[in-house]
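Quick notes on the structure that follows.
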Amino acid sequence: MGKFHLNRNFLKQLFALGLPIVGSNMAMMIIGITDTVMMGWYSIPDLAALILGTTFFFNFIIFGSGFAFATVPLVASASAKSDSTAIRRVTRMALWLSIGFGVLMTPVFLFVDRILIALGQDPDISVLALNYLAISGFALVPMLWATVFKSYLSGMEFTKIALWVTLVAAVSNAVLNYIFIFGKFGMPEMGVRGAAVSSLLSHLFQAIAFTVYALRKLPEHQILVRFYKPDWGALRQVAKMGLPIGISTLAEVGLFSASSFLMGWIGVIELAAHGIALQVASLTFMAHLGLASAATILAGKAYGKEDLGELHSASKAAAAMILLWAVFTSMIFVVFGAPIISLFLDVNEPARDQIISYGVVLLIVAALFQFVDGIQVLAISLLRGIHDTAVPMYITIISYWAIGLPVAYVLGFVVNWQGVGVWLGLTSALACAAVAMALRYRSLLARLEGKFAPQQDDGARSAVS
């Protein structure tokens, strides 16, 4: 193994590409937080319905976005070869697949009350969730459409537009929530249905904004020219990459959703502390995800040019920045755990001290998995950059569901470490995924050495070796 050396040029590229993506991811989280806060101001039953509805909706978004996420490395690789035809083909077919999935799934939201009741949820809250999803469910198609265009632009290295569009959407969503939820400026008071209208309008805006920007910025790709014309080869290519990405992401999200159910079995205070700590960890994860997404772009370009040196440099730069962020956030969690948890609690909350005490312990465990979480998201993103998604899908399913969830249950309820045990189970899942995908990436790099023509290398083997 050669000497580990960082290429400053790739550090700058990664930062320039990744920072807007990080900002965009955090703005999306702000939209969700704003919905929750404003609905909490309105009524607790409507808030419960919003949480149920958005949780149900989110799983469809996560799975359906796999086709859009596949667009990033495919477009980046085609761009490196100056292949406008391939760029148009994969983007257009990603739109086809996203629309098809959205049209097929949207009717499900019209029966969500029956589904939630069958899952043991309160009938009255389930009906309110239906009121929400009967409107916001129609945002599935425009949301997936926007995600494809955002991914296409990211693959072409236009990432700043995502930040600005999402920030505008976050502000407008808050204003629209105020108008429609509470019935301001002559509008009727709509409660949870008002939040649904705001959500639908916000996603329609993003779909239009990304589309107009892309068509004006890159007219040479003619994305929507003869849009009706199928391209079965490109469709199979996008589906082959996109389906495993969607399943992988859903497997990870599903594990954390399952952990909330486990914490609910322990107690209300423990669940409240879990929810706060998880939201904090999710916020810091947005930086990992943004940097990893930028790594996908750079890896996809290097793969398209068959330049192993660039691939090494991009992966090392991303690894360095992610590990540095992990060190920083871990220190923050350990040193400032109590003040962070207290920000989420009313000073008059009777269980405030108990929740803070429990949450501080969970943040210490979260400090541990900052490292493995960063490594696993970087490794899977780099693998996507070199068009490898099927094996990572199996790794995530095994790591999260065959290992992580059973370990969480055993440590939490058999060993009786309760919440700490559940969170150590999450850590074990992320650690297994990190190690397995890092080894997978290293193995594929060794194969590419024989496949690619020799290029200028900076002397390193791999960021994750």
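Chain lettering (A, B, ...) mirrors the order of the structure tokens, residue numbering begins at 1 for each chain separately, and ligand numbering begins at 1 in order of display.
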Spatial neighbours of Thr211 of chain A, 10 Å, only C-alpha atoms, chain gap at least 5 places, as number ranges by chain
A: 145-146, 148-150, 153, 205-206, 216-217, 223-224
Open item on the list: Which of segment 28-263 of chain A end up as alpha helix (DSSP H) when DSSP is run on this backbone - answer as number ranges by chain?
Closed with: A: 28-42, 44-64, 66-80, 84-105, 112-118, 123-136, 140-155, 160-182, 192-217, 232-263
* **Who sits within 8 Å of segment 293-296 of chain A, only C-alpha atoms, same chain under 5 positions skipped, as a list of chain:residue names** => A:Leu14, A:Leu17, A:Gly18, A:Ile21, A:Val72, A:Pro73, A:Ala314, A:Ser315, A:Ala318, A:Leu378, A:Ser381, A:Leu382, A:Leu383, A:Arg384, A:Gly385
Compile the contact shell of Phe58 of chain A as an MDAnalysis selection string: residues with an atom at most 12 Å away, counting only C-alpha atoms, same-chain residues fewer than 4 positions apart removed. chainID A and resid 32 50:54 62:65 109 133 136:137 139:140 143:144 249:250 253:254 257
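Atom to atom, atom CA of Ser259 of chain A and atom CA of Ala338 of chain A stand 22.0 Å apart.
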Open item on the list: For a quick check of understanding, using only C-alpha atoms, which of A:Ala281, A:Ala402, A:Val75, A:Leu308 has the smallest distance to Lys451 of chain A?
Closed with: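 Under the stated criterion, the closest residue is A:Leu308.
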Neighbouring residues of Ala390 of chain A were defined as those with any atom within 10 Å, considering only C-alpha atoms; residues of the same chain fewer than 5 positions away were excluded. Please report them as a VMD selection string. chain A and resid 240 to 245 247 to 248 383 to 384 395
Preceding selection exported with C-alpha atoms as a PDB file, in the first residue's frame:
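Result file follows (part_27.pdb):
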```
ATOM      1  CA  LYS A 240     -30.857  -2.159 -12.854  1.00  0.00           C
ATOM      2  CA  MET A 241     -29.030   0.493 -10.829  1.00  0.00           C
ATOM      3  CA  GLY A 242     -32.030   2.293  -9.354  1.00  0.00           C
ATOM      4  CA  LEU A 243     -33.957  -0.613  -7.855  1.00  0.00           C
ATOM      5  CA  PRO A 244     -31.058  -1.787  -5.654  1.00  0.00           C
ATOM      6  CA  ILE A 245     -30.410   1.810  -4.556  1.00  0.00           C
ATOM      7  CA  ILE A 247     -34.093  -1.059  -1.670  1.00  0.00           C
ATOM      8  CA  SER A 248     -30.783  -0.262   0.077  1.00  0.00           C
ATOM      9  CA  LEU A 383     -19.645   2.074  -5.155  1.00  0.00           C
ATOM     10  CA  ARG A 384     -22.551   3.833  -6.876  1.00  0.00           C
ATOM     11  CA  ILE A 395     -24.917  -5.937   2.245  1.00  0.00           C
TER      12      ILE A 395
END
```
Residue with the minimum atom-to-atom distance to Ala258 of chain A, picked from A:Met156, A:Leu363, A:Ala195, A:Leu405 with only C-alpha atoms counted, is A:Leu405
Counting only C-alpha atoms, which residue out of A:Ala76, A:Met105, A:Val192, A:Met93 sits closest to Gly155 of chain A?
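Comparing A:Ala76, A:Met105, A:Val192, A:Met93 against Gly155 of chain A, the winner is A:Ala76.
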Report, in Å to a single decimal, how far apart atom CA of Leu95 of chain A and atom CA of Tyr400 of chain A are.
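Value for the atom CA of Tyr400 of chain A-atom CA of Leu95 of chain A distance: 29.6 Å.
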Atom pair atom CA of Met321 of chain A + atom CA of Phe333 of chain A, distance 18.3 Å
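The smallest atom-to-atom distance between Ala86 of chain A and any of A:Leu283, A:Val112, A:Leu424, A:Val238, using only C-alpha atoms, is found for A:Val238.
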Hey, what's within 12 Å of Phe256 of chain A if we count only C-alpha atoms and toss same-chain stuff fewer than 3 positions away? As a list in words, please?
Thr55, Thr249, Leu250, Ala251, Glu252, Val253, Ser259, Ser260, Phe261, Leu262, Met263, His274, Gly275, Leu278, Gln279, Ala281, Ser282, Tyr400, Trp401, Gly404, Leu405, Ala408, Val422, Trp423, Gly425, Leu426, Thr427, Ala429 and Leu430 of chain A
Dump C-alpha atoms for the selected residues as a PDB file, in the first residue's frame?
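Result file follows (selection_24.pdb):
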```pdb
ATOM      1  CA  THR A  55     -43.818   8.531   7.766  1.00  0.00           C
ATOM      2  CA  THR A 249     -31.993   3.137   1.237  1.00  0.00           C
ATOM      3  CA  LEU A 250     -35.328   1.726   2.351  1.00  0.00           C
ATOM      4  CA  ALA A 251     -33.544  -0.993   4.344  1.00  0.00           C
ATOM      5  CA  GLU A 252     -31.545   1.599   6.277  1.00  0.00           C
ATOM      6  CA  VAL A 253     -34.496   3.929   6.865  1.00  0.00           C
ATOM      7  CA  SER A 259     -35.764   1.224  16.389  1.00  0.00           C
ATOM      8  CA  SER A 260     -38.457   3.777  17.268  1.00  0.00           C
ATOM      9  CA  PHE A 261     -40.956   0.955  17.792  1.00  0.00           C
ATOM     10  CA  LEU A 262     -38.440  -0.837  20.039  1.00  0.00           C
ATOM     11  CA  MET A 263     -37.901   2.325  22.081  1.00  0.00           C
ATOM     12  CA  HIS A 274     -34.658   8.618  21.309  1.00  0.00           C
ATOM     13  CA  GLY A 275     -36.627  10.869  18.967  1.00  0.00           C
ATOM     14  CA  LEU A 278     -32.086  10.625  16.456  1.00  0.00           C
ATOM     15  CA  GLN A 279     -33.086  13.992  15.003  1.00  0.00           C
ATOM     16  CA  ALA A 281     -27.811  12.575  14.665  1.00  0.00           C
ATOM     17  CA  SER A 282     -29.813  12.845  11.433  1.00  0.00           C
ATOM     18  CA  TYR A 400     -29.378  -3.849   9.007  1.00  0.00           C
ATOM     19  CA  TRP A 401     -32.007  -6.566   9.240  1.00  0.00           C
ATOM     20  CA  GLY A 404     -28.498  -4.911  13.401  1.00  0.00           C
ATOM     21  CA  LEU A 405     -32.132  -5.422  14.365  1.00  0.00           C
ATOM     22  CA  ALA A 408     -30.711  -4.268  19.035  1.00  0.00           C
ATOM     23  CA  VAL A 422     -31.043  -0.644  20.992  1.00  0.00           C
ATOM     24  CA  TRP A 423     -28.642   2.099  19.929  1.00  0.00           C
ATOM     25  CA  GLY A 425     -27.611  -2.519  17.809  1.00  0.00           C
ATOM     26  CA  LEU A 426     -27.873   0.389  15.343  1.00  0.00           C
ATOM     27  CA  THR A 427     -24.132   0.944  15.725  1.00  0.00           C
ATOM     28  CA  ALA A 429     -25.529  -2.554  11.838  1.00  0.00           C
ATOM     29  CA  LEU A 430     -23.711   0.529  10.554  1.00  0.00           C
TER      30      LEU A 430
END
```
Identify which of the residues A:Phe56, A:Trp232, A:Tyr394, A:Phe413 lies closest to Ala129 of chain A, counting only C-alpha atoms when measuring atom-to-atom distances.
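Ranking A:Phe56, A:Trp232, A:Tyr394, A:Phe413 by distance to Ala129 of chain A, first place goes to A:Phe56.
Checking A:Thr91, A:Val407, A:Gln13, A:Gly419 one by one against Gln237 of chain A, counting only C-alpha atoms, you find the shortest gap at A:Thr91.
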